[in-house]
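A quick write-up on the structure given underneath.
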Amino acid sequence: MKRGKYLVGIAAIALLLSGCSSNGDAADSSETQDSSTQEAVGSDGEKQTLSFWTLQQSDGPLKDAQEAAVADFEAANNVDIDLITFPYGELQDKLLIAAASNAAPDVMMLDQIWVAQYAGAGYIDPIDELMVDSGITQDDYFPGAWDSGFYQDQQFTVPFDVGVWALLYYNKDMFTAAGLDPEVPPATWDEFLAAGEALNAVKDESAIAMFASDGDATQVLWDAFTYSGGGMIVDPATNTVSLDQPAGVDGLQFYVDSADLGPGGAKGAAGRATEDAFALFTAGETAMNFYGEWGQDTITTRAPDLNYGVALLPAPAGGTSVGTFGGFNLGISSTSEKKKLAWEFVQYASGFEKQQEITMLTPANRAAAEVYLQERRKFPDVILQQLNQALFRPLIPNYTEFANEQRKVAISALLGEQSPDEAIASGIPKLNEILNQSK
Amino acid sequence: MTRKTGTGLLDRRRSRRKISSRNTTSRSTKFLGIVAVAPVVILCFALLAVPLARSIRDGFFDLQPALGRDEFIGFRGYVDLLMDELFLKVVANSVIWTASVVALQFAVGLFGAIVLERRFRGRWLARTIVIIPWAIPGVVAAMVWRLIYNPQLGFVQILTNPFGLEAPDVLGTPGYSLWGVVFAAVWKGSPFWMLICLAALQAVPMDQVEAARLDGAGAIRVFWHVKLPVMAPVLRIGAILTAIWTFNYFEMVYVMTRGGPLDSSHIFPTVIYEQAFRALDLGGAARLAGASIVILALLAYFFIREIRNSEDLK
């Protein structure tokens with residue numbers, strides 16, 4: 001009897017303790033359910049509510065512009081937009097929980113790399129039929145961004161904004177001090193490494209700080225080096241990972257060589273976050289940095305007097321600089337009861353006019369992007385060229401897992417546990433296994 | 001032969017009435033207790049039992065919505081899990097993480113409590129200051145420690161640079177990363193232990209301490225033979241509770257290392273989070289959660305046993 005009471009007690013406590021995360025999920029889903037169910041589909045003339053979850057903005061004017069755009073849409077369509085914003089990580093979590101609980105908002109702001117995951121799970125609807133009579137055309141958008149909205153030959157999302165990993169930022173004053181021409185940034189890998197040596201001769205480990213500890217920047221940069229060498233991540237002919245081909249191996253070798261020029265050598269990059277690396281650049285501790293065009297906002301805030309230039313990502317001799325696309329797309333929930341209205345909103349938010357005002361990164365609409373870059377960015381031509389040449393990442397539903405393994409390969413090479421070609425050879429079976437799961 | 005007197009009968013009646021009234025009071029107290037506790041118990045079960053049951057069910061499925069998989073696999077998933085290299089690493093990391101954080105927090109907390117128990121000028125201020133790390137939100141503390149460990153911009157390089165040494169990349173080196181987070185967690189959690197130990201120390205009867213001193217016992221012997229036995233039940237319960245909290249602690253590890261590099265600092269909560277919210281492998285996450293429930297149940301067993309022992313002592 002005593003033992004029985006004991007076991008019941010243990011089970012109850014274990015249940016209470018282990019259920020913490022589930023508890024959160026339940027609370028979240030009930031909360032989102034509420035917001036979804038309170039929106040009754042109205043008859044003609046009755047005001048409807050459309051829910052839209054997107055990224056939180058810290059930039060005041062952008063936030064105001066987004067709210068104004070929402071207000072315009074509300075007035076023009078006799079609708080209330082239930083706009084909820086989250087920081088990136090929270091948006092990722094909340095959206096996934098809501099979608100899995102059939103309580104997703106009508107319109108979702110999705111990172112490009114989530115599109116296949118949501119499409120595969122049936123959380124978002126294909127929009128091919130809606131596209132037929134819409135004013136949205138492929139030519140209006142950057143090719144890489146447009147293609148990121150497809151999964152298994154069906155279109156699921158419309159591109160909203162784009163960013164490319166990466167551009168080369170460089171400190172002109174440090175270039176001058178090292179005897180380098182500040183108006184002629186390195187264009188090839190050899191030139192880049194030579195410039196790094198020259199910069200290190202003035203101040204040790206000041207050439208560049210590479211990074212590998214967080215997020216997707218590591219593997220997208222490796223992807224970009226691979227693309228620039230004429231390679232690809234997945235060979236569509238055989239549907240196998242092709243990072244073990246010369247372009248992939250050379251790309252990772254260049255990553256390691258670049259990291260070797262920086263603080264702590266290649267090993268030092270393993271624990272460094274992207275933002276830590278950029279902080280060293282804006283602090284004048286390093287002369288070069290790989291980052292997206294949005295880094296200009298950080299420099300304006302943090303180091304307004306920094307004398308810097310922006311150039312295309314270096315490419316191997318004879319190669320072409322190709323970046324890797326990132327950015328956000330708009331999708332419609334498969335459980336939405338107001339798909340027509342949701343589609344109206346998607347068209348409104350991805351059109352030329354509004355794109356100039358409300359995007360977080362460069363608009364995905366090319367015409368809007370040109371205006372945006374001319375008005376808000378230094379070196380707009382360089383950024384535009386990179387945007388036109390960039391490619392997207394593998395469009396597979398388990399990309400997160402794929403990216404995680406790819407990053408481990410890169411870190412293993414950076415830490416010197418294996419040479420780049422050995423690390424890739426070790427990682428390829430697992431990467432192919434993940435790829436095969438998505439077939 | 002005994003003769004019943006009127007007075008005796010009256011006494012017995014009075015005594016019976018007293019017992020009956022005591023029983024009524026006891027019954028009503030019990031009822032009140034049940035009524036008071038019932039809503040909480042019902043609420044907890046309503047909020048937790050359903051998700052937990054669902055989680056146990058998911059553990060027997062290959063459930064990966066993005067890949068269109070929802071297939072019953074029985075115990076195969078658990079068998080695969082036991083042979084998974086990452087799982088074994090996570091178990092080892094979780095044990096190291098929990099044991100070292102609890103042990104070090106206890107040691108630092110006890111030392112602090114002994115110091116703060118003594119009378120000195122500004123003791124109130126010292127007691128207030130030491131509590132600050134505990135009051136800081138975990139995410140903020142993790143961000144601060146990330147910065148401290150930064151080998152180029154952080155506090156670590158200020159310590160090493162004067163000696164011409166290169167600052168170690170604590171969070172970027174597989175052998176150090178978990179220990180880097182352990183150190184930060186000890187800094188953050190020790191004040192709680194300091195409070196527990198201080199409260200336990202102040203509960204030690206002074207007459208026993210005085211008696212031991214009169215018998216010639218020194219400070220160490222007084223502590224070991226008089227104070228520690230009195231403190232022991234509280235410390236044991238504190239240790240088990242801290243072990244449970246530490247085992248489930250998420251934000252500090254995730255913010256500081258995200259379980260890396262090369263999974264070297266992944267513990268159960270971080271790897272479950274990655275599986276569920278990044279990879280959308282709900283079956284895999286449920287199996288990991290199942291394994292962590294087993295470990296937590298063991299800790300809960302010790303916790304309940306300690307509470308019962310303490311009650312028996314009373």
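Chain labels run A, B, ... following the order of the structure tokens; each chain numbers its residues from 1, and ligands are numbered from 1 in the order shown.
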
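For region 93-107 of chain B, the set of protein, DNA and RNA residues having any atom at most 7 Å away, when counting only C-alpha atoms and skipping those fewer than 2 positions along the same chain, is B:Lys89, B:Val90, B:Val91, B:Gly109, B:Leu110, B:Phe111, B:Val182, B:Ala185, B:Val186, B:Gly189, B:Ser190, B:Trp193, B:Ala239, B:Thr242, B:Ala243, B:Thr246, B:Phe247, B:Ser265, B:His266, B:Ile267, B:Phe268.
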
How about saving the chosen residues, N, CA and C atoms kept, as a short mmCIF file (atom, residue, chain, number, x, y, z; two decimals), in the first residue's frame?
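See out.cif below for the written result:
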```
data_model
loop_
_atom_site.label_atom_id
_atom_site.label_comp_id
_atom_site.auth_asym_id
_atom_site.auth_seq_id
_atom_site.Cartn_x
_atom_site.Cartn_y
_atom_site.Cartn_z
N LYS B 89 25.56 10.82 -26.09
CA LYS B 89 26.29 12.04 -25.74
C LYS B 89 25.41 12.94 -24.86
N VAL B 90 24.13 13.02 -25.21
CA VAL B 90 23.21 13.88 -24.46
C VAL B 90 23.03 13.35 -23.03
N VAL B 91 22.94 12.03 -22.89
CA VAL B 91 22.80 11.44 -21.55
C VAL B 91 24.04 11.79 -20.71
N GLY B 109 27.49 27.94 -2.41
CA GLY B 109 26.41 28.45 -1.57
C GLY B 109 26.68 28.24 -0.09
N LEU B 110 27.19 27.06 0.25
CA LEU B 110 27.48 26.76 1.65
C LEU B 110 28.60 27.66 2.18
N PHE B 111 29.62 27.82 1.37
CA PHE B 111 30.73 28.70 1.77
C PHE B 111 30.21 30.13 2.00
N VAL B 182 28.49 25.49 -17.37
CA VAL B 182 28.38 25.05 -15.96
C VAL B 182 28.82 26.19 -15.03
N ALA B 185 26.26 28.84 -14.90
CA ALA B 185 25.07 28.40 -14.15
C ALA B 185 25.35 28.38 -12.65
N VAL B 186 26.58 28.05 -12.28
CA VAL B 186 26.96 28.06 -10.85
C VAL B 186 26.90 29.49 -10.32
N GLY B 189 23.17 30.37 -10.02
CA GLY B 189 22.32 29.62 -9.09
C GLY B 189 22.81 29.56 -7.66
N SER B 190 24.08 29.89 -7.43
CA SER B 190 24.63 29.76 -6.07
C SER B 190 23.91 30.60 -5.02
N TRP B 193 21.31 28.71 -3.28
CA TRP B 193 21.88 27.77 -2.30
C TRP B 193 22.35 28.49 -1.05
N ALA B 239 19.10 19.80 -2.68
CA ALA B 239 19.94 19.20 -3.73
C ALA B 239 19.08 18.51 -4.78
N THR B 242 17.21 21.16 -6.83
CA THR B 242 18.13 21.83 -7.76
C THR B 242 18.50 20.89 -8.91
N ALA B 243 18.65 19.61 -8.60
CA ALA B 243 18.97 18.65 -9.66
C ALA B 243 17.85 18.61 -10.69
N THR B 246 17.92 21.91 -12.64
CA THR B 246 19.10 21.99 -13.51
C THR B 246 18.95 21.05 -14.71
N PHE B 247 18.45 19.87 -14.44
CA PHE B 247 18.24 18.91 -15.53
C PHE B 247 17.33 19.50 -16.60
N SER B 265 27.70 20.34 -26.05
CA SER B 265 27.02 20.84 -24.85
C SER B 265 25.51 20.62 -24.92
N HIS B 266 25.08 19.72 -25.79
CA HIS B 266 23.65 19.42 -25.85
C HIS B 266 23.22 18.65 -24.60
N ILE B 267 22.13 19.11 -23.99
CA ILE B 267 21.52 18.35 -22.89
C ILE B 267 20.07 18.05 -23.31
N PHE B 268 19.32 17.33 -22.50
CA PHE B 268 17.98 16.90 -22.93
C PHE B 268 17.08 18.05 -23.41
#
```

DSSP on the backbone, then: every residue of region 40-174 of chain B marked alpha helix (DSSP H), written as a PDB file with C-alpha atoms, in the first residue's frame.
```pdb
ATOM      1  CA  VAL B  40      -4.925  22.766  -8.405  1.00  0.00           C
ATOM      2  CA  VAL B  41      -4.658  19.013  -8.887  1.00  0.00           C
ATOM      3  CA  ILE B  42      -7.468  18.970 -11.452  1.00  0.00           C
ATOM      4  CA  LEU B  43      -5.951  21.944 -13.294  1.00  0.00           C
ATOM      5  CA  CYS B  44      -2.487  20.369 -13.353  1.00  0.00           C
ATOM      6  CA  PHE B  45      -3.825  17.101 -14.691  1.00  0.00           C
ATOM      7  CA  ALA B  46      -6.039  18.830 -17.240  1.00  0.00           C
ATOM      8  CA  LEU B  47      -3.120  20.875 -18.533  1.00  0.00           C
ATOM      9  CA  LEU B  48      -0.492  18.163 -18.353  1.00  0.00           C
ATOM     10  CA  ALA B  49      -2.104  14.763 -18.644  1.00  0.00           C
ATOM     11  CA  VAL B  50      -3.401  15.239 -22.185  1.00  0.00           C
ATOM     12  CA  PRO B  51      -0.135  16.562 -23.673  1.00  0.00           C
ATOM     13  CA  LEU B  52       1.801  13.923 -21.745  1.00  0.00           C
ATOM     14  CA  ALA B  53      -0.431  11.120 -22.998  1.00  0.00           C
ATOM     15  CA  ARG B  54      -0.059  12.512 -26.516  1.00  0.00           C
ATOM     16  CA  SER B  55       3.706  12.669 -26.071  1.00  0.00           C
ATOM     17  CA  ILE B  56       3.840   9.031 -24.929  1.00  0.00           C
ATOM     18  CA  ARG B  57       1.705   8.038 -27.914  1.00  0.00           C
ATOM     19  CA  ASP B  58       3.936  10.025 -30.326  1.00  0.00           C
ATOM     20  CA  ARG B  76      11.777   0.383 -32.685  1.00  0.00           C
ATOM     21  CA  GLY B  77      12.245   4.114 -32.232  1.00  0.00           C
ATOM     22  CA  TYR B  78      13.408   3.588 -28.649  1.00  0.00           C
ATOM     23  CA  VAL B  79      15.794   0.815 -29.679  1.00  0.00           C
ATOM     24  CA  ASP B  80      17.266   3.096 -32.356  1.00  0.00           C
ATOM     25  CA  LEU B  81      17.493   5.864 -29.795  1.00  0.00           C
ATOM     26  CA  LEU B  82      19.542   3.731 -27.409  1.00  0.00           C
ATOM     27  CA  GLU B  85      25.494   8.386 -30.770  1.00  0.00           C
ATOM     28  CA  LEU B  86      23.879  11.766 -30.132  1.00  0.00           C
ATOM     29  CA  PHE B  87      21.543  10.309 -27.509  1.00  0.00           C
ATOM     30  CA  LEU B  88      24.425   8.755 -25.593  1.00  0.00           C
ATOM     31  CA  LYS B  89      26.287  12.038 -25.736  1.00  0.00           C
ATOM     32  CA  VAL B  90      23.206  13.878 -24.457  1.00  0.00           C
ATOM     33  CA  VAL B  91      22.800  11.441 -21.545  1.00  0.00           C
ATOM     34  CA  ALA B  92      26.461  11.857 -20.591  1.00  0.00           C
ATOM     35  CA  ASN B  93      26.281  15.647 -20.946  1.00  0.00           C
ATOM     36  CA  SER B  94      23.072  15.817 -18.910  1.00  0.00           C
ATOM     37  CA  VAL B  95      24.617  13.798 -16.086  1.00  0.00           C
ATOM     38  CA  ILE B  96      27.810  15.887 -16.064  1.00  0.00           C
ATOM     39  CA  TRP B  97      25.816  19.108 -16.324  1.00  0.00           C
ATOM     40  CA  THR B  98      23.351  18.283 -13.548  1.00  0.00           C
ATOM     41  CA  ALA B  99      25.837  16.715 -11.132  1.00  0.00           C
ATOM     42  CA  SER B 100      28.481  19.400 -11.494  1.00  0.00           C
ATOM     43  CA  VAL B 101      26.079  22.337 -11.317  1.00  0.00           C
ATOM     44  CA  VAL B 102      24.373  20.972  -8.193  1.00  0.00           C
ATOM     45  CA  ALA B 103      27.657  20.073  -6.477  1.00  0.00           C
ATOM     46  CA  LEU B 104      29.352  23.374  -7.263  1.00  0.00           C
ATOM     47  CA  GLN B 105      26.308  25.485  -6.441  1.00  0.00           C
ATOM     48  CA  PHE B 106      26.083  23.673  -3.124  1.00  0.00           C
ATOM     49  CA  ALA B 107      29.768  24.188  -2.345  1.00  0.00           C
ATOM     50  CA  VAL B 108      29.763  27.878  -3.265  1.00  0.00           C
ATOM     51  CA  GLY B 109      26.405  28.449  -1.571  1.00  0.00           C
ATOM     52  CA  LEU B 110      27.477  26.763   1.650  1.00  0.00           C
ATOM     53  CA  PHE B 111      30.730  28.695   1.772  1.00  0.00           C
ATOM     54  CA  GLY B 112      28.858  31.947   1.152  1.00  0.00           C
ATOM     55  CA  ALA B 113      26.298  31.123   3.833  1.00  0.00           C
ATOM     56  CA  ILE B 114      29.010  30.423   6.415  1.00  0.00           C
ATOM     57  CA  VAL B 115      30.639  33.756   5.618  1.00  0.00           C
ATOM     58  CA  LEU B 116      27.367  35.656   5.615  1.00  0.00           C
ATOM     59  CA  GLU B 117      26.224  34.108   8.873  1.00  0.00           C
ATOM     60  CA  ARG B 123      26.437  42.249   6.158  1.00  0.00           C
ATOM     61  CA  TRP B 124      22.973  43.307   4.997  1.00  0.00           C
ATOM     62  CA  LEU B 125      24.518  44.903   1.915  1.00  0.00           C
ATOM     63  CA  ALA B 126      26.582  41.811   1.148  1.00  0.00           C
ATOM     64  CA  ARG B 127      23.508  39.609   1.543  1.00  0.00           C
ATOM     65  CA  THR B 128      21.628  41.842  -0.916  1.00  0.00           C
ATOM     66  CA  ILE B 129      24.400  41.974  -3.493  1.00  0.00           C
ATOM     67  CA  VAL B 130      25.031  38.235  -3.618  1.00  0.00           C
ATOM     68  CA  ILE B 132      21.616  39.679  -7.710  1.00  0.00           C
ATOM     69  CA  PRO B 133      22.848  36.901 -10.070  1.00  0.00           C
ATOM     70  CA  TRP B 134      19.923  34.754  -9.029  1.00  0.00           C
ATOM     71  CA  ALA B 135      17.477  37.582  -9.761  1.00  0.00           C
ATOM     72  CA  GLY B 138      18.450  33.417 -17.436  1.00  0.00           C
ATOM     73  CA  VAL B 139      18.595  34.746 -20.990  1.00  0.00           C
ATOM     74  CA  VAL B 140      20.199  37.997 -19.871  1.00  0.00           C
ATOM     75  CA  ALA B 141      22.742  36.133 -17.741  1.00  0.00           C
ATOM     76  CA  ALA B 142      23.551  33.881 -20.692  1.00  0.00           C
ATOM     77  CA  MET B 143      24.110  36.861 -22.994  1.00  0.00           C
ATOM     78  CA  VAL B 144      26.380  38.485 -20.402  1.00  0.00           C
ATOM     79  CA  TRP B 145      28.419  35.294 -20.065  1.00  0.00           C
ATOM     80  CA  ARG B 146      28.682  34.943 -23.838  1.00  0.00           C
ATOM     81  CA  LEU B 147      30.272  38.370 -23.841  1.00  0.00           C
ATOM     82  CA  ILE B 148      32.534  37.569 -20.895  1.00  0.00           C
ATOM     83  CA  TYR B 149      33.841  34.476 -22.690  1.00  0.00           C
ATOM     84  CA  PHE B 155      36.498  39.870 -19.946  1.00  0.00           C
ATOM     85  CA  VAL B 156      38.528  36.698 -20.424  1.00  0.00           C
ATOM     86  CA  GLN B 157      41.008  38.438 -22.730  1.00  0.00           C
ATOM     87  CA  ILE B 158      41.459  41.228 -20.158  1.00  0.00           C
ATOM     88  CA  LEU B 159      42.675  38.542 -17.740  1.00  0.00           C
ATOM     89  CA  THR B 160      44.983  36.793 -20.190  1.00  0.00           C
ATOM     90  CA  PRO B 174      34.208  21.054 -27.661  1.00  0.00           C
TER      91      PRO B 174
END
```

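If you measure from each of B:Leu153, B:Met231, B:Ala285, B:Leu198 to chain A using only C-alpha atoms, the closest one turns out to be B:Leu153.
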
Proximity check chain B to chain A, 6 Å, nearest pairs one decimal Å, only C-alpha atoms, as JSON lines:
```
{"residue": "B:Leu48", "atom": "CA", "partner": "A:Gly19", "partner_atom": "CA", "distance": 5.7}
{"residue": "B:Pro51", "atom": "CA", "partner": "A:Ser22", "partner_atom": "CA", "distance": 5.6}
{"residue": "B:Pro65", "atom": "CA", "partner": "A:Ala121", "partner_atom": "CA", "distance": 4.7}
{"residue": "B:Ala66", "atom": "CA", "partner": "A:Ala121", "partner_atom": "CA", "distance": 3.9}
{"residue": "B:Leu67", "atom": "CA", "partner": "A:Ser438", "partner_atom": "CA", "distance": 5.9}
{"residue": "B:Leu171", "atom": "CA", "partner": "A:Gly271", "partner_atom": "CA", "distance": 5.5}
{"residue": "B:Gly172", "atom": "CA", "partner": "A:Gly271", "partner_atom": "CA", "distance": 3.2}
{"residue": "B:Leu262", "atom": "CA", "partner": "A:Lys408", "partner_atom": "CA", "distance": 5.8}
{"residue": "B:Ala279", "atom": "CA", "partner": "A:Glu401", "partner_atom": "CA", "distance": 5.7}
{"residue": "B:Ile293", "atom": "CA", "partner": "A:Ser18", "partner_atom": "CA", "distance": 5.9}
{"residue": "B:Leu296", "atom": "CA", "partner": "A:Ala14", "partner_atom": "CA", "distance": 5.7}
{"residue": "B:Ala297", "atom": "CA", "partner": "A:Ala14", "partner_atom": "CA", "distance": 4.9}
{"residue": "B:Ala300", "atom": "CA", "partner": "A:Ile10", "partner_atom": "CA", "distance": 5.5}
{"residue": "B:Tyr301", "atom": "CA", "partner": "A:Ile10", "partner_atom": "CA", "distance": 5.4}
```

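Note that the spacing between CA of Ile208 (chain A) and CA of Leu384 (chain A) amounts to 24.1 Å.
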
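With only C-alpha atoms as the atoms that count, the minimum distance from Gln202 (chain B) to the choices B:Ile307, B:Leu228, B:Leu165, B:Leu178 is reached by B:Leu228.
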
Can you list, as an mmCIF file with C-alpha atoms, in the first residue's frame, every protein, DNA or RNA residue that comes within 10 Å of Phe392 (chain A) when you count only C-alpha atoms, leaving out same-chain residues fewer than 2 positions away?
```cif
data_model
loop_
_atom_site.group_PDB
_atom_site.id
_atom_site.type_symbol
_atom_site.label_atom_id
_atom_site.label_comp_id
_atom_site.auth_asym_id
_atom_site.auth_seq_id
_atom_site.Cartn_x
_atom_site.Cartn_y
_atom_site.Cartn_z
ATOM 1 C CA GLN A 112 12.552 30.790 -47.292
ATOM 2 C CA ILE A 113 13.952 27.700 -45.607
ATOM 3 C CA PRO A 143 14.925 34.515 -59.833
ATOM 4 C CA GLY A 144 16.428 32.854 -56.760
ATOM 5 C CA ALA A 145 13.811 34.352 -54.463
ATOM 6 C CA TRP A 146 10.971 33.340 -56.783
ATOM 7 C CA ASP A 147 12.166 29.741 -56.989
ATOM 8 C CA SER A 148 12.369 29.474 -53.207
ATOM 9 C CA VAL A 164 22.104 37.520 -49.854
ATOM 10 C CA VAL A 220 25.101 29.444 -46.598
ATOM 11 C CA ASP A 223 27.188 27.210 -50.238
ATOM 12 C CA ALA A 224 28.063 30.564 -51.790
ATOM 13 C CA GLY A 323 25.741 34.411 -53.159
ATOM 14 C CA THR A 324 23.128 32.367 -51.349
ATOM 15 C CA PHE A 325 19.630 33.678 -50.948
ATOM 16 C CA GLY A 326 17.911 34.276 -47.689
ATOM 17 C CA GLY A 327 14.760 36.226 -47.025
ATOM 18 C CA ALA A 390 22.336 34.542 -56.060
ATOM 19 C CA PRO A 394 18.123 23.053 -51.159
ATOM 20 C CA LEU A 395 14.313 23.118 -51.111
#
```

Margin query: as a ChimeraX atom specification, please: every residue in region 41-280 of chain B that DSSP puts in strand (DSSP E).
Written below: /B:61-64,69-72

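Note that CA of Trp189 (chain A) and CA of Ala237 (chain A) are 28.9 Å apart.
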